[in-house]
Amino acid sequence: MFFERRAVPVPTDHDEPQLAMPFHHRVFGDPLERDFPGSEVAYFAMGCFWGAEKLFWQTDGVLSTAAGYMGGSNRNPSYEEVCTGLTGHAETVRVVFDPSRTSYRELLAVFLENHDPTQGDRQGNDVGPQYRSAIFTTSPEQEAQAREALAGFQQGLTHAGYGTITTTVEPAPQWYFAEDLHQQYLEHNPNGYCPVHATGVTCG
(Lines give C-alpha, C1' and ligand atoms only; values in the text may rest on other atoms or scores of the structure.)
Protein backbone atom coordinates (compact mmCIF):
# COMPACT_ATOMS: atom_id res chain seq x y z
CA MET A 1 0.00 0.00 0.00
CA PHE A 2 1.10 3.59 -0.48
CA PHE A 3 0.52 5.85 2.50
CA GLU A 4 2.21 8.93 3.86
CA ARG A 5 4.82 7.82 6.35
CA ARG A 6 6.28 10.24 8.86
CA ALA A 7 9.62 9.87 10.59
CA VAL A 8 9.10 8.31 14.02
CA PRO A 9 11.36 7.48 16.96
CA VAL A 10 12.59 3.95 17.48
CA PRO A 11 9.44 1.91 18.32
CA THR A 12 8.81 1.33 21.99
CA ASP A 13 6.12 -0.11 24.24
CA HIS A 14 2.98 1.94 24.89
CA ASP A 15 0.60 1.33 27.78
CA GLU A 16 -2.37 2.59 25.75
CA PRO A 17 -3.30 2.78 22.06
CA GLN A 18 -1.73 5.90 20.58
CA LEU A 19 -4.61 7.00 18.37
CA ALA A 20 -8.39 6.79 18.46
CA MET A 21 -9.50 3.20 18.10
CA PRO A 22 -12.37 2.04 15.87
CA PHE A 23 -15.87 1.56 17.20
CA HIS A 24 -18.17 0.29 14.45
CA HIS A 25 -17.66 -1.78 11.32
CA ARG A 26 -18.24 0.46 8.30
CA VAL A 27 -19.86 -2.37 6.31
CA PHE A 28 -21.71 -4.45 8.91
CA GLY A 29 -22.49 -1.64 11.35
CA ASP A 30 -21.73 -3.67 14.49
CA PRO A 31 -19.28 -2.59 17.18
CA LEU A 32 -15.93 -4.12 16.30
CA GLU A 33 -15.55 -5.58 19.78
CA ARG A 34 -19.02 -7.11 20.08
CA ASP A 35 -19.43 -10.80 20.86
CA PHE A 36 -21.04 -13.19 18.39
CA PRO A 37 -22.21 -16.28 20.31
CA GLY A 38 -21.11 -19.48 18.61
CA SER A 39 -18.61 -17.71 16.38
CA GLU A 40 -14.93 -18.50 15.82
CA VAL A 41 -12.00 -16.20 15.13
CA ALA A 42 -9.22 -16.50 12.55
CA TYR A 43 -6.19 -14.28 11.89
CA PHE A 44 -4.48 -13.91 8.53
CA ALA A 45 -1.53 -11.77 7.38
CA MET A 46 -1.20 -11.57 3.59
CA GLY A 47 0.36 -8.22 2.76
CA CYS A 48 -1.56 -4.96 2.79
CA PHE A 49 -4.46 -5.36 5.20
CA TRP A 50 -6.72 -2.95 3.30
CA GLY A 51 -7.47 -5.32 0.42
CA ALA A 52 -7.20 -8.45 2.53
CA GLU A 53 -9.90 -7.22 4.91
CA LYS A 54 -12.25 -6.50 2.00
CA LEU A 55 -11.82 -10.04 0.68
CA PHE A 56 -12.98 -11.45 3.99
CA TRP A 57 -15.89 -9.08 4.68
CA GLN A 58 -17.23 -10.12 1.26
CA THR A 59 -17.05 -13.83 2.20
CA ASP A 60 -20.31 -15.52 3.12
CA GLY A 61 -20.48 -16.53 6.76
CA VAL A 62 -18.07 -13.84 7.95
CA LEU A 63 -19.65 -11.77 10.73
CA SER A 64 -16.96 -9.16 11.34
CA THR A 65 -13.49 -8.16 10.20
CA ALA A 66 -10.85 -5.77 11.47
CA ALA A 67 -7.38 -4.59 10.50
CA GLY A 68 -4.63 -4.83 13.06
CA TYR A 69 -1.15 -5.87 14.04
CA MET A 70 0.17 -9.21 15.33
CA GLY A 71 3.40 -11.06 15.80
CA GLY A 72 5.63 -8.25 17.03
CA SER A 73 7.49 -7.31 20.17
CA ASN A 74 6.05 -3.89 21.06
CA ARG A 75 2.80 -3.16 22.88
CA ASN A 76 0.22 -0.96 21.16
CA PRO A 77 2.26 -0.13 18.05
CA SER A 78 1.19 2.64 15.70
CA TYR A 79 0.97 2.24 11.94
CA GLU A 80 4.03 4.44 11.52
CA GLU A 81 6.01 2.28 13.92
CA VAL A 82 4.94 -0.96 12.23
CA CYS A 83 5.98 0.55 8.87
CA THR A 84 9.56 0.91 10.13
CA GLY A 85 9.78 -2.89 10.13
CA LEU A 86 11.36 -2.70 13.59
CA THR A 87 8.41 -3.81 15.70
CA GLY A 88 8.13 -7.23 14.06
CA HIS A 89 4.36 -6.95 13.60
CA ALA A 90 2.55 -8.11 10.48
CA GLU A 91 -0.45 -6.30 9.05
CA THR A 92 -3.16 -8.79 9.98
CA VAL A 93 -6.89 -9.24 9.43
CA ARG A 94 -9.06 -10.56 12.24
CA VAL A 95 -11.97 -12.59 10.87
CA VAL A 96 -14.95 -13.51 13.03
CA PHE A 97 -17.03 -16.18 11.32
CA ASP A 98 -20.06 -18.39 11.80
CA PRO A 99 -18.83 -22.02 11.53
CA SER A 100 -22.34 -23.14 10.55
CA ARG A 101 -22.14 -20.99 7.41
CA THR A 102 -18.48 -21.21 6.46
CA SER A 103 -15.51 -23.26 7.59
CA TYR A 104 -11.96 -22.45 8.57
CA ARG A 105 -10.84 -24.46 5.53
CA GLU A 106 -12.87 -22.15 3.28
CA LEU A 107 -11.25 -19.11 4.88
CA LEU A 108 -7.84 -20.69 4.33
CA ALA A 109 -8.73 -20.97 0.64
CA VAL A 110 -9.55 -17.24 0.51
CA PHE A 111 -6.19 -16.56 2.16
CA LEU A 112 -4.13 -18.81 -0.09
CA GLU A 113 -5.80 -17.98 -3.38
CA ASN A 114 -5.57 -14.22 -2.99
CA HIS A 115 -1.90 -13.53 -2.37
CA ASP A 116 1.49 -15.00 -3.24
CA PRO A 117 2.66 -16.96 -0.18
CA THR A 118 6.13 -17.49 -1.69
CA GLN A 119 7.33 -13.86 -1.59
CA GLY A 120 8.69 -13.72 1.94
CA ASP A 121 8.67 -10.26 3.50
CA ARG A 122 6.72 -8.60 0.70
CA GLN A 123 3.69 -8.60 -1.56
CA GLY A 124 4.46 -6.95 -4.87
CA ASN A 125 5.72 -3.41 -4.30
CA ASP A 126 4.97 -3.58 -0.56
CA VAL A 127 8.25 -4.63 1.01
CA GLY A 128 9.08 -5.30 4.65
CA PRO A 129 8.35 -7.81 7.43
CA GLN A 130 4.98 -6.14 8.07
CA TYR A 131 3.83 -7.54 4.72
CA ARG A 132 4.86 -11.14 5.36
CA SER A 133 2.50 -14.09 4.93
CA ALA A 134 1.38 -15.60 8.22
CA ILE A 135 -1.43 -17.59 9.79
CA PHE A 136 -2.03 -17.00 13.49
CA THR A 137 -4.06 -19.91 14.86
CA THR A 138 -6.45 -19.99 17.82
CA SER A 139 -6.60 -23.77 18.36
CA PRO A 140 -4.71 -26.98 17.62
CA GLU A 141 -7.43 -27.79 15.05
CA GLN A 142 -6.77 -24.55 13.18
CA GLU A 143 -3.04 -25.23 13.21
CA ALA A 144 -3.51 -28.74 11.80
CA GLN A 145 -5.84 -27.50 9.06
CA ALA A 146 -3.52 -24.63 8.19
CA ARG A 147 -0.50 -26.89 7.80
CA GLU A 148 -2.51 -29.37 5.73
CA ALA A 149 -3.77 -26.58 3.47
CA LEU A 150 -0.26 -25.19 2.98
CA ALA A 151 1.10 -28.61 2.05
CA GLY A 152 -1.61 -29.12 -0.54
CA PHE A 153 -1.25 -25.61 -1.94
CA GLN A 154 2.50 -26.08 -2.27
CA GLN A 155 1.89 -28.87 -4.75
CA GLY A 156 -0.19 -26.56 -6.91
CA LEU A 157 2.35 -23.76 -6.68
CA THR A 158 5.21 -26.08 -7.60
CA HIS A 159 3.29 -27.34 -10.61
CA ALA A 160 2.69 -23.73 -11.69
CA GLY A 161 6.39 -22.88 -11.41
CA TYR A 162 6.37 -21.01 -8.10
CA GLY A 163 8.87 -21.46 -5.29
CA THR A 164 8.54 -22.55 -1.69
CA ILE A 165 5.82 -21.18 0.56
CA THR A 166 7.19 -18.81 3.20
CA THR A 167 3.95 -18.54 5.21
CA THR A 168 4.49 -19.05 8.92
CA VAL A 169 1.97 -20.78 11.17
CA GLU A 170 2.02 -19.90 14.85
CA PRO A 171 -0.34 -19.58 17.82
CA ALA A 172 -2.11 -16.22 17.80
CA PRO A 173 -0.24 -13.71 19.99
CA GLN A 174 -1.63 -10.40 21.26
CA TRP A 175 -3.90 -8.63 18.77
CA TYR A 176 -3.78 -4.85 18.39
CA PHE A 177 -6.40 -2.91 16.46
CA ALA A 178 -5.06 -0.68 13.72
CA GLU A 179 -6.12 2.94 13.81
CA ASP A 180 -9.67 3.83 12.79
CA LEU A 181 -8.72 5.17 9.35
CA HIS A 182 -7.36 1.73 8.39
CA GLN A 183 -10.56 -0.11 9.32
CA GLN A 184 -12.55 -1.16 6.23
CA TYR A 185 -10.29 1.24 4.35
CA LEU A 186 -11.50 0.33 0.87
CA GLU A 187 -15.10 0.96 1.92
CA HIS A 188 -14.47 4.64 2.63
CA ASN A 189 -11.63 4.94 0.09
CA PRO A 190 -12.87 2.76 -2.80
CA ASN A 191 -10.06 3.86 -5.11
CA GLY A 192 -7.34 3.14 -2.57
CA TYR A 193 -4.27 1.24 -3.74
CA CYS A 194 -4.14 -2.34 -2.55
CA PRO A 195 -3.96 -4.90 -5.38
CA VAL A 196 -4.51 -8.61 -4.91
CA HIS A 197 -1.35 -10.60 -5.68
CA ALA A 198 -3.05 -13.88 -6.54
CA THR A 199 -0.96 -16.56 -8.22
CA GLY A 200 -3.88 -18.11 -10.11
CA VAL A 201 -3.37 -21.37 -8.20
CA THR A 202 -6.50 -22.65 -6.48
CA CYS A 203 -7.09 -24.95 -3.54
CA GLY A 204 -8.15 -28.43 -4.52
# chains A, B, ... in the order shown; residues from 1 in each chain; ligands from 1
>>> residues_around(residues="A:Glu33", least_positions_apart="6", cutoff="12 Å", atoms="only C-alpha atoms", output="list in words")
Met21, Pro22, Phe23, His24, His25, Leu63, Ser64, Thr65, Ala66, Arg94, Val95, Val96, Tyr176 and Phe177 of chain A
>>> select_by_dssp(residues="stretch 61-124 of chain A", states="strand (DSSP E)", output="number ranges by chain")
A: 62-70, 90-97, 122-123
>>> write_last_selection(atoms="N, CA and C atoms", output="short mmCIF file (atom, residue, chain, number, x, y, z; two decimals), in the first residue's frame")
data_model
loop_
_atom_site.label_atom_id
_atom_site.label_comp_id
_atom_site.auth_asym_id
_atom_site.auth_seq_id
_atom_site.Cartn_x
_atom_site.Cartn_y
_atom_site.Cartn_z
N VAL A 62 -18.92 -14.70 7.13
CA VAL A 62 -18.07 -13.84 7.95
C VAL A 62 -18.95 -12.79 8.62
N LEU A 63 -18.80 -12.66 9.92
CA LEU A 63 -19.65 -11.77 10.73
C LEU A 63 -18.99 -10.43 11.00
N SER A 64 -17.67 -10.40 11.06
CA SER A 64 -16.96 -9.16 11.34
C SER A 64 -15.51 -9.31 10.89
N THR A 65 -14.90 -8.19 10.54
CA THR A 65 -13.49 -8.16 10.20
C THR A 65 -12.86 -6.94 10.84
N ALA A 66 -11.56 -6.95 10.97
CA ALA A 66 -10.85 -5.77 11.47
C ALA A 66 -9.39 -5.86 11.02
N ALA A 67 -8.79 -4.69 10.83
CA ALA A 67 -7.38 -4.59 10.50
C ALA A 67 -6.59 -4.36 11.77
N GLY A 68 -5.43 -5.00 11.86
CA GLY A 68 -4.63 -4.83 13.06
C GLY A 68 -3.22 -5.34 12.89
N TYR A 69 -2.55 -5.48 14.02
CA TYR A 69 -1.15 -5.87 14.04
C TYR A 69 -0.95 -7.07 14.97
N MET A 70 -0.14 -8.03 14.51
CA MET A 70 0.17 -9.21 15.33
C MET A 70 1.60 -9.65 15.06
N ALA A 90 3.07 -7.95 11.84
CA ALA A 90 2.55 -8.11 10.48
C ALA A 90 1.19 -7.45 10.40
N GLU A 91 0.90 -6.81 9.28
CA GLU A 91 -0.45 -6.30 9.05
C GLU A 91 -1.38 -7.51 8.94
N THR A 92 -2.36 -7.58 9.80
CA THR A 92 -3.16 -8.79 9.98
C THR A 92 -4.64 -8.46 9.96
N VAL A 93 -5.43 -9.38 9.42
CA VAL A 93 -6.89 -9.24 9.43
C VAL A 93 -7.47 -10.22 10.43
N ARG A 94 -8.30 -9.71 11.33
CA ARG A 94 -9.06 -10.56 12.24
C ARG A 94 -10.40 -10.87 11.60
N VAL A 95 -10.73 -12.15 11.52
CA VAL A 95 -11.97 -12.59 10.87
C VAL A 95 -12.82 -13.34 11.89
N VAL A 96 -13.99 -12.82 12.17
CA VAL A 96 -14.95 -13.51 13.03
C VAL A 96 -15.97 -14.17 12.11
N PHE A 97 -16.17 -15.47 12.27
CA PHE A 97 -17.03 -16.18 11.32
C PHE A 97 -17.97 -17.15 12.03
N ARG A 122 7.22 -9.55 1.68
CA ARG A 122 6.72 -8.60 0.70
C ARG A 122 5.47 -9.15 0.04
N GLN A 123 4.71 -8.25 -0.59
CA GLN A 123 3.69 -8.60 -1.56
C GLN A 123 3.77 -7.53 -2.64
#
>>> residues_around(residues="A:Pro173", least_positions_apart="2", cutoff="8 Å", atoms="only C-alpha atoms", output="list in words")
Met70, Gly71, Phe136, Pro171 and Trp175 of chain A
>>> write_last_selection(atoms="N, CA and C atoms", output="tab-separated table (two decimals), in the first residue's frame")
chain	number	residue	atom	x	y	z
A	70	MET	N	-0.14	-8.03	14.51
A	70	MET	CA	0.17	-9.21	15.33
A	70	MET	C	1.60	-9.65	15.06
A	71	GLY	N	2.14	-10.39	16.01
A	71	GLY	CA	3.40	-11.06	15.80
A	71	GLY	C	4.64	-10.25	16.09
A	136	PHE	N	-2.08	-16.96	12.03
A	136	PHE	CA	-2.03	-17.00	13.49
A	136	PHE	C	-3.24	-17.81	13.96
A	171	PRO	N	0.79	-19.93	16.95
A	171	PRO	CA	-0.34	-19.58	17.82
A	171	PRO	C	-0.55	-18.07	17.85
A	175	TRP	N	-3.35	-9.38	19.90
A	175	TRP	CA	-3.90	-8.63	18.77
A	175	TRP	C	-4.01	-7.16	19.14
>>> closest_residue(among="A:Val201, A:Val41, A:Leu108, A:Val27", to="A:Ala160", atoms="only C-alpha atoms")
A:Val201
>>> residues_around(residues="A:Arg26", least_positions_apart="5", cutoff="9 Å", atoms="only C-alpha atoms", output="PyMOL selection string")
chain A and resi 183-185+187-188
>>> select_by_dssp(residues="stretch 93-129 of chain A", states="helix (DSSP H, G or I)", output="count of residues only")
11
>>> residues_around(residues="stretch 163-167 of chain A", least_positions_apart="3", cutoff="10 Å", atoms="only C-alpha atoms", output="ChimeraX atom specification")
/A:45-46,112,116-121,132-135,147,150-151,153-155,157-160,170
>>> atom_distance(atom1="atom CA of A:Gly200", atom2="atom CA of A:Glu113")
7.0 Å
>>> closest_residue(among="A:Thr202, A:Ser103, A:Gln142, A:Thr137", to="A:Ala172", atoms="only C-alpha atoms")
A:Thr137
